[in-house]
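*Asks:* My structure is in structure.pdb, and what it holds is PDB, C-alpha atoms (C1' of nucleotides):
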```pdb
ATOM      1  CA  MET A   1     -17.972   9.955  18.908
ATOM      2  CA  THR A   2     -14.221  10.123  19.281
ATOM      3  CA  LYS A   3     -12.182   7.328  17.809
ATOM      4  CA  ASN A   4      -9.843   5.689  20.285
ATOM      5  CA  ILE A   5      -6.831   5.481  17.991
ATOM      6  CA  SER A   6      -3.337   5.272  19.332
ATOM      7  CA  ALA A   7      -1.148   8.073  18.043
ATOM      8  CA  LYS A   8       1.974   5.979  18.438
ATOM      9  CA  SER A   9       1.068   2.565  17.046
ATOM     10  CA  VAL A  10       0.169   1.551  13.520
ATOM     11  CA  VAL A  11      -0.406  -1.788  11.832
ATOM     12  CA  VAL A  12       1.483  -2.444   8.614
ATOM     13  CA  ILE A  13      -0.319  -5.006   6.476
ATOM     14  CA  ASP A  14       0.255  -6.986   3.309
ATOM     15  CA  PHE A  15      -1.979  -9.417   1.443
ATOM     16  CA  GLU A  16      -1.036 -12.105  -1.027
ATOM     17  CA  THR A  17      -3.992 -12.651  -3.324
ATOM     18  CA  THR A  18      -5.093 -14.727  -6.299
ATOM     19  CA  GLY A  19      -4.966 -11.644  -8.542
ATOM     20  CA  LEU A  20      -5.508  -7.930  -8.712
ATOM     21  CA  SER A  21      -9.227  -7.403  -8.325
ATOM     22  CA  PRO A  22     -11.705  -8.634  -5.706
ATOM     23  CA  LYS A  23     -14.487  -7.541  -8.068
ATOM     24  CA  LEU A  24     -13.261 -10.087 -10.599
ATOM     25  CA  GLY A  25     -13.321 -12.858  -8.022
ATOM     26  CA  ASP A  26      -9.801 -12.623  -6.666
ATOM     27  CA  ARG A  27      -9.337 -13.555  -3.013
ATOM     28  CA  VAL A  28      -6.794 -13.115  -0.239
ATOM     29  CA  ILE A  29      -4.661 -16.231   0.268
ATOM     30  CA  GLU A  30      -2.250 -14.896   2.882
ATOM     31  CA  VAL A  31      -2.348 -12.146   5.492
ATOM     32  CA  GLY A  32       0.757 -10.662   7.041
ATOM     33  CA  ALA A  33       0.923  -7.752   9.459
ATOM     34  CA  VAL A  34       3.119  -6.172  12.092
ATOM     35  CA  ILE A  35       2.373  -3.648  14.798
ATOM     36  CA  ILE A  36       4.773  -0.717  15.134
ATOM     37  CA  GLU A  37       4.900   0.975  18.508
ATOM     38  CA  ASN A  38       7.145   3.981  19.003
ATOM     39  CA  ASN A  39       9.021   3.123  15.804
ATOM     40  CA  VAL A  40       9.731  -0.455  16.881
ATOM     41  CA  ILE A  41       8.146  -3.577  15.394
ATOM     42  CA  LYS A  42       6.373  -5.349  18.255
ATOM     43  CA  ASN A  43       3.822  -7.986  17.264
ATOM     44  CA  ARG A  44       3.342 -10.041  14.140
ATOM     45  CA  PHE A  45       0.359 -11.712  12.460
ATOM     46  CA  GLU A  46       0.609 -14.283   9.699
ATOM     47  CA  SER A  47      -1.783 -16.792   8.207
ATOM     48  CA  LEU A  48      -2.528 -18.526   4.953
ATOM     49  CA  ILE A  49      -6.188 -18.622   3.900
ATOM     50  CA  ASN A  50      -7.856 -21.408   1.958
ATOM     51  CA  PRO A  51      -9.696 -19.531  -0.832
ATOM     52  CA  GLY A  52     -11.905 -22.513  -1.630
ATOM     53  CA  PHE A  53     -10.554 -22.975  -5.143
ATOM     54  CA  LYS A  54      -7.274 -23.765  -6.838
ATOM     55  CA  ILE A  55      -4.976 -20.831  -7.492
ATOM     56  CA  SER A  56      -3.143 -20.262 -10.772
ATOM     57  CA  GLN A  57       0.332 -21.448 -11.652
ATOM     58  CA  PHE A  58       1.330 -17.815 -12.018
ATOM     59  CA  ILE A  59       0.386 -16.944  -8.428
ATOM     60  CA  GLN A  60       2.008 -20.143  -7.120
ATOM     61  CA  GLY A  61       5.215 -19.174  -8.896
ATOM     62  CA  PHE A  62       4.945 -15.514  -7.924
ATOM     63  CA  THR A  63       4.359 -16.075  -4.209
ATOM     64  CA  GLY A  64       5.676 -19.560  -3.573
ATOM     65  CA  ILE A  65       2.297 -20.378  -2.035
ATOM     66  CA  THR A  66       1.034 -23.655  -3.464
ATOM     67  CA  ASN A  67      -2.354 -25.331  -3.656
ATOM     68  CA  ILE A  68      -0.993 -28.035  -1.343
ATOM     69  CA  MET A  69      -0.176 -25.396   1.279
ATOM     70  CA  LEU A  70      -3.622 -23.836   0.947
ATOM     71  CA  LYS A  71      -5.487 -27.141   1.129
ATOM     72  CA  THR A  72      -4.920 -27.378   4.880
ATOM     73  CA  ALA A  73      -5.034 -23.627   5.569
ATOM     74  CA  PRO A  74      -7.820 -22.160   7.739
ATOM     75  CA  ASN A  75     -10.815 -20.523   6.099
ATOM     76  CA  LYS A  76     -11.279 -16.778   5.675
ATOM     77  CA  GLU A  77     -13.928 -16.517   8.409
ATOM     78  CA  ARG A  78     -11.510 -17.702  11.054
ATOM     79  CA  VAL A  79      -8.474 -15.772   9.777
ATOM     80  CA  MET A  80     -10.238 -12.489   9.137
ATOM     81  CA  LYS A  81     -11.926 -12.587  12.536
ATOM     82  CA  ASP A  82      -8.514 -13.020  14.167
ATOM     83  CA  PHE A  83      -7.038 -10.364  11.884
ATOM     84  CA  SER A  84      -9.808  -7.956  12.860
ATOM     85  CA  LYS A  85      -8.799  -8.401  16.503
ATOM     86  CA  PHE A  86      -5.149  -7.826  15.566
ATOM     87  CA  LEU A  87      -5.995  -4.586  13.758
ATOM     88  CA  LYS A  88      -7.964  -3.305  16.774
ATOM     89  CA  ASN A  89      -8.511   0.386  16.141
ATOM     90  CA  ASN A  90      -5.016   1.136  14.898
ATOM     91  CA  ASN A  91      -4.304   3.145  11.800
ATOM     92  CA  ILE A  92      -3.094   1.050   8.882
ATOM     93  CA  VAL A  93      -0.084   1.332   6.575
ATOM     94  CA  ALA A  94       0.653  -0.624   3.409
ATOM     95  CA  HIS A  95       2.828  -0.354   0.307
ATOM     96  CA  ASN A  96       0.427   0.792  -2.429
ATOM     97  CA  ALA A  97      -2.270   0.914   0.222
ATOM     98  CA  SER A  98      -5.160   1.278  -2.222
ATOM     99  CA  PHE A  99      -4.573  -2.334  -3.289
ATOM    100  CA  ASP A 100      -4.642  -3.798   0.241
ATOM    101  CA  LYS A 101      -7.534  -1.545   1.287
ATOM    102  CA  ARG A 102      -9.595  -2.810  -1.642
ATOM    103  CA  PHE A 103      -9.113  -6.437  -0.565
ATOM    104  CA  LEU A 104      -9.552  -5.692   3.151
ATOM    105  CA  ASP A 105     -12.815  -3.874   2.450
ATOM    106  CA  ALA A 106     -14.072  -6.691   0.215
ATOM    107  CA  GLU A 107     -13.216  -9.503   2.640
ATOM    108  CA  PHE A 108     -14.507  -7.675   5.735
ATOM    109  CA  LYS A 109     -17.750  -6.680   4.004
ATOM    110  CA  LYS A 110     -18.544 -10.310   3.178
ATOM    111  CA  LEU A 111     -18.021 -11.298   6.810
ATOM    112  CA  GLY A 112     -19.721  -8.318   8.440
ATOM    113  CA  LEU A 113     -16.443  -7.145   9.956
ATOM    114  CA  SER A 114     -15.214  -3.569  10.140
ATOM    115  CA  TYR A 115     -12.206  -1.494  11.102
ATOM    116  CA  THR A 116     -11.882   2.089  12.293
ATOM    117  CA  GLY A 117      -8.291   2.967  11.399
ATOM    118  CA  GLU A 118      -7.306   5.156   8.486
ATOM    119  CA  PHE A 119      -4.857   4.200   5.727
ATOM    120  CA  ALA A 120      -1.501   5.675   4.775
ATOM    121  CA  CYS A 121       0.715   4.489   1.928
ATOM    122  CA  THR A 122       4.480   3.896   2.052
ATOM    123  CA  MET A 123       4.689   4.049  -1.739
ATOM    124  CA  LEU A 124       3.081   7.496  -2.013
ATOM    125  CA  ALA A 125       5.145   8.845   0.882
ATOM    126  CA  ALA A 126       8.339   7.405  -0.618
ATOM    127  CA  ARG A 127       7.558   9.052  -3.965
ATOM    128  CA  ARG A 128       7.448  12.400  -2.170
ATOM    129  CA  LEU A 129      10.497  11.888   0.019
ATOM    130  CA  TYR A 130      12.737  10.037  -2.437
ATOM    131  CA  PRO A 131      11.896  11.280  -5.939
ATOM    132  CA  PHE A 132      15.294  10.248  -7.262
ATOM    133  CA  SER A 133      14.836   6.527  -6.655
ATOM    134  CA  ILE A 134      14.578   4.865 -10.091
ATOM    135  CA  ASN A 135      11.140   3.553  -9.119
ATOM    136  CA  HIS A 136       9.141   3.065  -5.928
ATOM    137  CA  LYS A 137       8.616  -0.676  -5.861
ATOM    138  CA  LEU A 138       9.133  -1.962  -2.321
ATOM    139  CA  GLU A 139      12.338  -3.836  -3.155
ATOM    140  CA  THR A 140      13.836  -0.935  -5.100
ATOM    141  CA  ILE A 141      13.156   1.679  -2.455
ATOM    142  CA  LEU A 142      14.641  -0.584   0.231
ATOM    143  CA  ASP A 143      17.796  -0.917  -1.860
ATOM    144  CA  TYR A 144      17.855   2.836  -2.505
ATOM    145  CA  LEU A 145      17.680   3.549   1.235
ATOM    146  CA  LYS A 146      19.979   0.637   2.137
ATOM    147  CA  ILE A 147      17.326  -0.863   4.411
ATOM    148  CA  LYS A 148      17.948  -4.478   5.354
ATOM    149  CA  LYS A 149      15.666  -6.821   3.422
ATOM    150  CA  THR A 150      14.087 -10.051   4.591
ATOM    151  CA  LYS A 151      15.044 -13.246   2.797
ATOM    152  CA  GLN A 152      11.660 -13.600   1.110
ATOM    153  CA  PHE A 153       9.646 -11.358  -1.181
ATOM    154  CA  HIS A 154       5.992 -11.732  -2.114
ATOM    155  CA  ARG A 155       5.110 -13.435   1.149
ATOM    156  CA  ALA A 156       2.738 -11.453   3.306
ATOM    157  CA  LEU A 157       4.619 -11.218   6.595
ATOM    158  CA  ALA A 158       7.981 -10.608   4.904
ATOM    159  CA  ASP A 159       6.542  -7.801   2.763
ATOM    160  CA  ALA A 160       4.663  -6.301   5.721
ATOM    161  CA  GLU A 161       7.844  -6.331   7.764
ATOM    162  CA  MET A 162       9.814  -4.618   4.986
ATOM    163  CA  ALA A 163       7.092  -2.006   4.487
ATOM    164  CA  ALA A 164       7.241  -1.435   8.258
ATOM    165  CA  ARG A 165      11.001  -0.909   8.082
ATOM    166  CA  LEU A 166      10.441   1.580   5.265
ATOM    167  CA  TRP A 167       7.738   3.401   7.270
ATOM    168  CA  ILE A 168      10.009   3.661  10.322
ATOM    169  CA  HIS A 169      12.928   4.790   8.149
ATOM    170  CA  MET A 170      10.848   7.554   6.539
ATOM    171  CA  ILE A 171       9.601   8.836   9.896
ATOM    172  CA  LYS A 172      13.108   8.912  11.338
ATOM    173  CA  ASP A 173      14.439  10.504   8.146
ATOM    174  CA  VAL A 174      11.888  13.332   8.236
ATOM    175  CA  GLU A 175      12.418  13.841  11.941
ATOM    176  CA  LYS A 176      16.166  14.082  11.409
ATOM    177  CA  LYS A 177      16.151  16.243   8.273
ATOM    178  CA  HIS A 178      13.516  18.600   9.617
ATOM    179  CA  ASN A 179      14.565  18.580  13.241
ATOM    180  CA  TYR A 180      11.151  17.232  14.113
ATOM    181  CA  ARG A 181      10.468  15.607  17.458
ATOM    182  CA  GLU A 182       7.671  13.230  16.610
ATOM    183  CA  ILE A 183       5.988  12.816  13.240
ATOM    184  CA  SER A 184       2.347  11.868  13.637
ATOM    185  CA  PHE A 185       0.554   9.324  11.512
ATOM    186  CA  HIS A 186      -1.733  12.020  10.156
ATOM    187  CA  LEU A 187       1.147  14.216   9.055
ATOM    188  CA  MET A 188       2.643  11.269   7.167
ATOM    189  CA  GLN A 189      -0.819  10.586   5.771
ATOM    190  CA  LYS A 190      -0.993  14.177   4.502
ATOM    191  CA  LEU A 191       2.386  13.713   2.856
ATOM    192  CA  CYS A 192       0.933  10.793   0.898
ATOM    193  CA  LYS A 193      -1.857  12.984  -0.459
ATOM    194  CA  ILE A 194      -0.066  16.087  -1.655
ATOM    195  CA  ASN A 195       1.146  16.373  -5.219
ATOM    196  CA  LYS A 196       4.695  16.676  -6.483
ATOM    197  CA  ARG A 197       4.620  20.454  -6.889
ATOM    198  CA  GLU A 198       3.483  20.961  -3.313
ATOM    199  CA  THR A 199       6.112  18.704  -1.747
ATOM    200  CA  HIS A 200       8.849  21.252  -1.191
ATOM    201  CA  ASN A 201       6.586  23.797   0.449
ATOM    202  CA  PHE A 202       4.821  21.108   2.464
ATOM    203  CA  LEU A 203       8.055  19.800   3.937
ATOM    204  CA  ARG A 204       9.436  23.277   4.534
ATOM    205  CA  LYS A 205       6.358  24.967   5.947
ATOM    206  CA  HIS A 206       4.068  22.313   7.366
ATOM    207  CA  PHE A 207       6.556  19.961   8.965
ATOM    208  CA  GLU A 208       8.746  22.632  10.437
ATOM    209  CA  CYS A 209       5.984  24.927  11.644
ATOM    210  CA  CYS A 210       4.264  22.058  13.489
ATOM    211  CA  ASN A 211       7.281  21.128  15.490
ATOM    212  CA  ASP A 212       5.939  22.053  18.875
TER     213      ASP A 212
ATOM    214  C1'  DT B 213     -18.651 -10.203 -29.086
ATOM    215  C1'  DG B 214     -14.738  -8.800 -26.761
ATOM    216  C1'  DC B 215     -12.877  -7.148 -23.044
ATOM    217  C1'  DC B 216     -12.135  -6.946 -18.261
ATOM    218  C1'  DA B 217      -8.451  -3.482 -11.665
ATOM    219  C1'  DG B 218      -8.201   0.823  -9.798
ATOM    220  C1'  DG B 219      -6.390   4.713  -7.473
ATOM    221  C1'  DC B 220      -2.947   7.947  -7.887
ATOM    222  C1'  DC B 221       0.118  10.857 -10.388
ATOM    223  C1'  DC B 222       2.317  13.423 -14.244
ATOM    224  C1'  DT B 223       2.188  16.212 -18.272
ATOM    225  C1'  DC B 224       3.321  17.166 -24.475
ATOM    226  C1'  DT B 225      -3.314  18.257 -19.195
ATOM    227  C1'  DT B 226      -7.763  19.775 -17.389
ATOM    228  C1'  DT B 227     -13.057  18.408 -23.296
ATOM    229  C1'  DA B 228      -6.931  13.097 -21.988
ATOM    230  C1'  DG B 229      -3.837   9.620 -22.036
ATOM    231  C1'  DG B 230      -0.643   6.808 -20.100
ATOM    232  C1'  DG B 231       2.677   5.136 -16.424
ATOM    233  C1'  DC B 232       3.247   3.325 -11.770
ATOM    234  C1'  DC B 233       2.320  -0.089  -8.194
ATOM    235  C1'  DT B 234       0.014  -3.893  -5.885
ATOM    236  C1'  DT B 235      -1.087  -9.877  -6.890
TER     237       DT B 235
END
```
Mind converting the file's structure to structure tokens?

*Replies:*
Amino acid sequence: MTKNISAKSVVVIDFETTGLSPKLGDRVIEVGAVIIENNVIKNRFESLINPGFKISQFIQGFTGITNIMLKTAPNKERVMKDFSKFLKNNNIVAHNASFDKRFLDAEFKKLGLSYTGEFACTMLAARRLYPFSINHKLETILDYLKIKKTKQFHRALADAEMAARLWIHMIKDVEKKHNYREISFHLMQKLCKINKRETHNFLRKHFECCND
DNA sequence: TGCCAGGCCCTCTTTAGGGCCTT
């Protein structure tokens, strides 16, 4: 069965959570996502989620999301169902995608939801393309590339939007540097998976030889 | 009892260890 995945649109997602591990009981408390079509941000999705318990002072301070805000937030069933519709069958991008994938898989599994898109990671791609940045945190790499930042950090939609700007910047950068007409999602995905030693040859051979 | 993520990457590696990145 062929997947009906758009080659030109991706969804960039970001979760704010109660901690680092769904296996240790951590939960998503905010979902943010944007759809990129033809390198332009089109639609946005944003919602808080009531996790059903009080979150720590650390997370309240880190995200600015408070227990008062979450008290009246919708439950995960409603939000994740809507989010599933927003994802459709698009491929998915996130900064340090393994983190967001872990939470998406955990939340969807509990609710019997699924997605068909594949993941790519802005952090791994940025490590390959910009090895001289002092680190590859989202904020740092945006500064390094002089990409305009949103006013907030550590809020889901703001972070998703900035990761989307980074994704678009990287695609345009590769297209420009390598005289490439249209970088596909899967080529960017491959870039995320190669190791440091292979990067030079990958960019030189694979990108340029696939330009038609 | 005490501790507790996990996937990826790099190198003083591969029979391992530690840093990065996400909340």

*Asks:* Nearest residue to chain B out of A:Lys81, A:Lys177, A:Lys172, A:Arg155, using only C-alpha atoms (C1' of nucleotides)?

*Replies:* A:Arg155

*Asks:* Could you list, as a count of residues only, the residues of chain B having an atom within 6 Å of chain A when counting all atoms listed in the file?

*Replies:* 3

*Asks:* Apply the PyMOL selection byres ((chain A and resi 91) around 8) to the file shown and report the selected residues as a list in words.

*Replies:*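 Going through the file, the PyMOL selection byres ((chain A and resi 91) around 8) ends up selecting Ile5, Ser6, Ser9, Val10, Val11, Asn89, Asn90, Ile92, Val93, Thr116, Gly117, Glu118, Phe119, Ala120 and Phe185 of chain A.
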
*Asks:* Quick one: pull the distance between CA of Gln57 in chain A and CA of Val31 in chain A, Å, one decimal.

*Replies:* 19.7 Å

*Asks:* In Å to one decimal, how far is CA of Arg204 in chain A from CA of Ile134 in chain A?

*Replies:*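 That distance, rounded to one decimal, is 24.1 Å.
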
*Asks:* Using all atoms listed in the file, can you tell me which of A:Ala73, A:Ile141, A:His186, A:Phe83 comes closest to Gly52 in chain A?

*Replies:*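 Ranking A:Ala73, A:Ile141, A:His186, A:Phe83 by distance to Gly52 in chain A, first place goes to A:Ala73.
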
*Asks:* Rounded to one decimal, what separation in Å do you get between CA of Arg44 in chain A and CA of Ala164 in chain A?

*Replies:*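 CA of Ala164 in chain A lies 11.1 Å from CA of Arg44 in chain A.
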
*Asks:* Expand the PyMOL selection byres ((chain A and resi 53) around 12) into the individual residues it matches in the shown file, reporting them as a PyMOL selection string.

*Replies:* chain A and resi 18+25-29+49-52+54-56+66-68+70-71+75

*Asks:* Skipping near chain neighbours, those fewer than 6 positions away, what residues fall within 8 Å of Ser84 in chain A using all atoms listed in the file, listed as a ChimeraX atom specification?

*Replies:* /A:113-115

*Asks:* Measuring between only C-alpha atoms (C1' of nucleotides), which one of A:Ala106, A:Ile194, A:Ala158, A:Ile147 shows the shortest distance to DC220 in chain B?

*Replies:*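 Smallest separation from DC220 in chain B among the options: A:Ile194.
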
*Asks:* Counting all atoms listed in the file, find the residues whose atoms lie at most 10 Å from (15.4, -5.3, 1.1) (file coordinates) and write them out as a list in words.

*Replies:*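 Checking each residue against the 10 Å limit leaves Leu138, Glu139, Thr140, Ile141, Leu142, Asp143, Tyr144, Leu145, Lys146, Ile147, Lys148, Lys149, Thr150, Lys151, Gln152, Phe153, Ala158, Asp159, Met162, Ala163, Arg165 and Leu166 of chain A.
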
*Asks:* Residues picked by the PyMOL selection byres ((chain A and resi 35-39) around 6) here, as a list in words?

*Replies:* Lys8, Ser9, Val10, Val11, Val34, Val40, Ile41, Lys42, Asn43 and Ile168 of chain A

*Asks:* Can I get range 62-73 of chain A with all heavy atoms filled in, as an mmCIF file, in the frame of the given file?

*Replies:*
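Okay, this is what ended up in rebuild_26.cif:
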```cif
data_model
loop_
_atom_site.group_PDB
_atom_site.id
_atom_site.type_symbol
_atom_site.label_atom_id
_atom_site.label_comp_id
_atom_site.auth_asym_id
_atom_site.auth_seq_id
_atom_site.Cartn_x
_atom_site.Cartn_y
_atom_site.Cartn_z
ATOM 1 N N PHE A 62 4.678 -16.891 -8.363
ATOM 2 C CA PHE A 62 4.945 -15.514 -7.924
ATOM 3 C C PHE A 62 5.154 -15.437 -6.414
ATOM 4 O O PHE A 62 6.046 -14.738 -5.934
ATOM 5 C CB PHE A 62 3.764 -14.622 -8.334
ATOM 6 C CG PHE A 62 3.988 -13.161 -8.112
ATOM 7 C CD1 PHE A 62 4.758 -12.415 -8.991
ATOM 8 C CD2 PHE A 62 3.403 -12.519 -7.029
ATOM 9 C CE1 PHE A 62 4.962 -11.064 -8.787
ATOM 10 C CE2 PHE A 62 3.602 -11.167 -6.816
ATOM 11 C CZ PHE A 62 4.383 -10.431 -7.703
ATOM 12 N N THR A 63 4.326 -16.174 -5.676
ATOM 13 C CA THR A 63 4.359 -16.075 -4.209
ATOM 14 C C THR A 63 5.098 -17.233 -3.541
ATOM 15 O O THR A 63 5.551 -17.104 -2.412
ATOM 16 C CB THR A 63 2.921 -16.050 -3.637
ATOM 17 O OG1 THR A 63 2.277 -17.285 -3.961
ATOM 18 C CG2 THR A 63 2.129 -14.895 -4.195
ATOM 19 N N GLY A 64 5.152 -18.360 -4.219
ATOM 20 C CA GLY A 64 5.676 -19.560 -3.573
ATOM 21 C C GLY A 64 4.627 -20.272 -2.741
ATOM 22 O O GLY A 64 4.906 -21.272 -2.079
ATOM 23 N N ILE A 65 3.403 -19.740 -2.755
ATOM 24 C CA ILE A 65 2.297 -20.378 -2.035
ATOM 25 C C ILE A 65 1.629 -21.378 -2.991
ATOM 26 O O ILE A 65 1.215 -21.000 -4.086
ATOM 27 C CB ILE A 65 1.263 -19.325 -1.574
ATOM 28 C CG1 ILE A 65 1.921 -18.336 -0.610
ATOM 29 C CG2 ILE A 65 0.053 -19.998 -0.919
ATOM 30 C CD1 ILE A 65 1.066 -17.106 -0.301
ATOM 31 N N THR A 66 1.551 -22.625 -2.570
ATOM 32 C CA THR A 66 1.034 -23.655 -3.464
ATOM 33 C C THR A 66 -0.367 -24.109 -3.043
ATOM 34 O O THR A 66 -0.804 -23.858 -1.918
ATOM 35 C CB THR A 66 1.949 -24.895 -3.454
ATOM 36 O OG1 THR A 66 1.902 -25.461 -2.131
ATOM 37 C CG2 THR A 66 3.378 -24.531 -3.802
ATOM 38 N N ASN A 67 -1.022 -24.786 -3.963
ATOM 39 C CA ASN A 67 -2.354 -25.331 -3.656
ATOM 40 C C ASN A 67 -2.291 -26.354 -2.522
ATOM 41 O O ASN A 67 -3.238 -26.475 -1.743
ATOM 42 C CB ASN A 67 -2.969 -25.950 -4.912
ATOM 43 C CG ASN A 67 -3.530 -24.879 -5.834
ATOM 44 O OD1 ASN A 67 -4.325 -24.034 -5.423
ATOM 45 N ND2 ASN A 67 -3.098 -24.899 -7.082
ATOM 46 N N ILE A 68 -1.159 -27.065 -2.442
ATOM 47 C CA ILE A 68 -0.993 -28.035 -1.343
ATOM 48 C C ILE A 68 -0.960 -27.303 -0.002
ATOM 49 O O ILE A 68 -1.581 -27.732 0.979
ATOM 50 C CB ILE A 68 0.305 -28.856 -1.556
ATOM 51 C CG1 ILE A 68 0.155 -29.718 -2.808
ATOM 52 C CG2 ILE A 68 0.615 -29.721 -0.339
ATOM 53 C CD1 ILE A 68 1.446 -30.398 -3.246
ATOM 54 N N MET A 69 -0.251 -26.179 0.035
ATOM 55 C CA MET A 69 -0.176 -25.396 1.279
ATOM 56 C C MET A 69 -1.553 -24.852 1.659
ATOM 57 O O MET A 69 -1.905 -24.784 2.844
ATOM 58 C CB MET A 69 0.808 -24.221 1.098
ATOM 59 C CG MET A 69 2.252 -24.648 0.949
ATOM 60 S SD MET A 69 3.288 -23.347 0.219
ATOM 61 C CE MET A 69 3.321 -22.142 1.524
ATOM 62 N N LEU A 70 -2.321 -24.469 0.662
ATOM 63 C CA LEU A 70 -3.622 -23.836 0.947
ATOM 64 C C LEU A 70 -4.703 -24.854 1.311
ATOM 65 O O LEU A 70 -5.696 -24.506 1.959
ATOM 66 C CB LEU A 70 -4.075 -23.002 -0.257
ATOM 67 C CG LEU A 70 -3.199 -21.785 -0.563
ATOM 68 C CD1 LEU A 70 -3.653 -21.114 -1.852
ATOM 69 C CD2 LEU A 70 -3.215 -20.788 0.588
ATOM 70 N N LYS A 71 -4.479 -26.094 0.891
ATOM 71 C CA LYS A 71 -5.487 -27.141 1.129
ATOM 72 C C LYS A 71 -5.779 -27.298 2.618
ATOM 73 O O LYS A 71 -6.929 -27.519 3.024
ATOM 74 C CB LYS A 71 -4.979 -28.466 0.529
ATOM 75 C CG LYS A 71 -6.059 -29.517 0.384
ATOM 76 C CD LYS A 71 -5.499 -30.750 -0.329
ATOM 77 C CE LYS A 71 -6.573 -31.823 -0.454
ATOM 78 N NZ LYS A 71 -6.048 -33.034 -1.136
ATOM 79 N N THR A 72 -4.744 -27.184 3.442
ATOM 80 C CA THR A 72 -4.920 -27.378 4.880
ATOM 81 C C THR A 72 -4.975 -26.053 5.651
ATOM 82 O O THR A 72 -4.975 -26.047 6.883
ATOM 83 C CB THR A 72 -3.759 -28.220 5.441
ATOM 84 O OG1 THR A 72 -2.521 -27.598 5.068
ATOM 85 C CG2 THR A 72 -3.795 -29.638 4.900
ATOM 86 N N ALA A 73 -5.007 -24.937 4.913
ATOM 87 C CA ALA A 73 -5.034 -23.627 5.569
ATOM 88 C C ALA A 73 -6.431 -23.346 6.134
ATOM 89 O O ALA A 73 -7.426 -23.866 5.632
ATOM 90 C CB ALA A 73 -4.648 -22.544 4.560
#
```
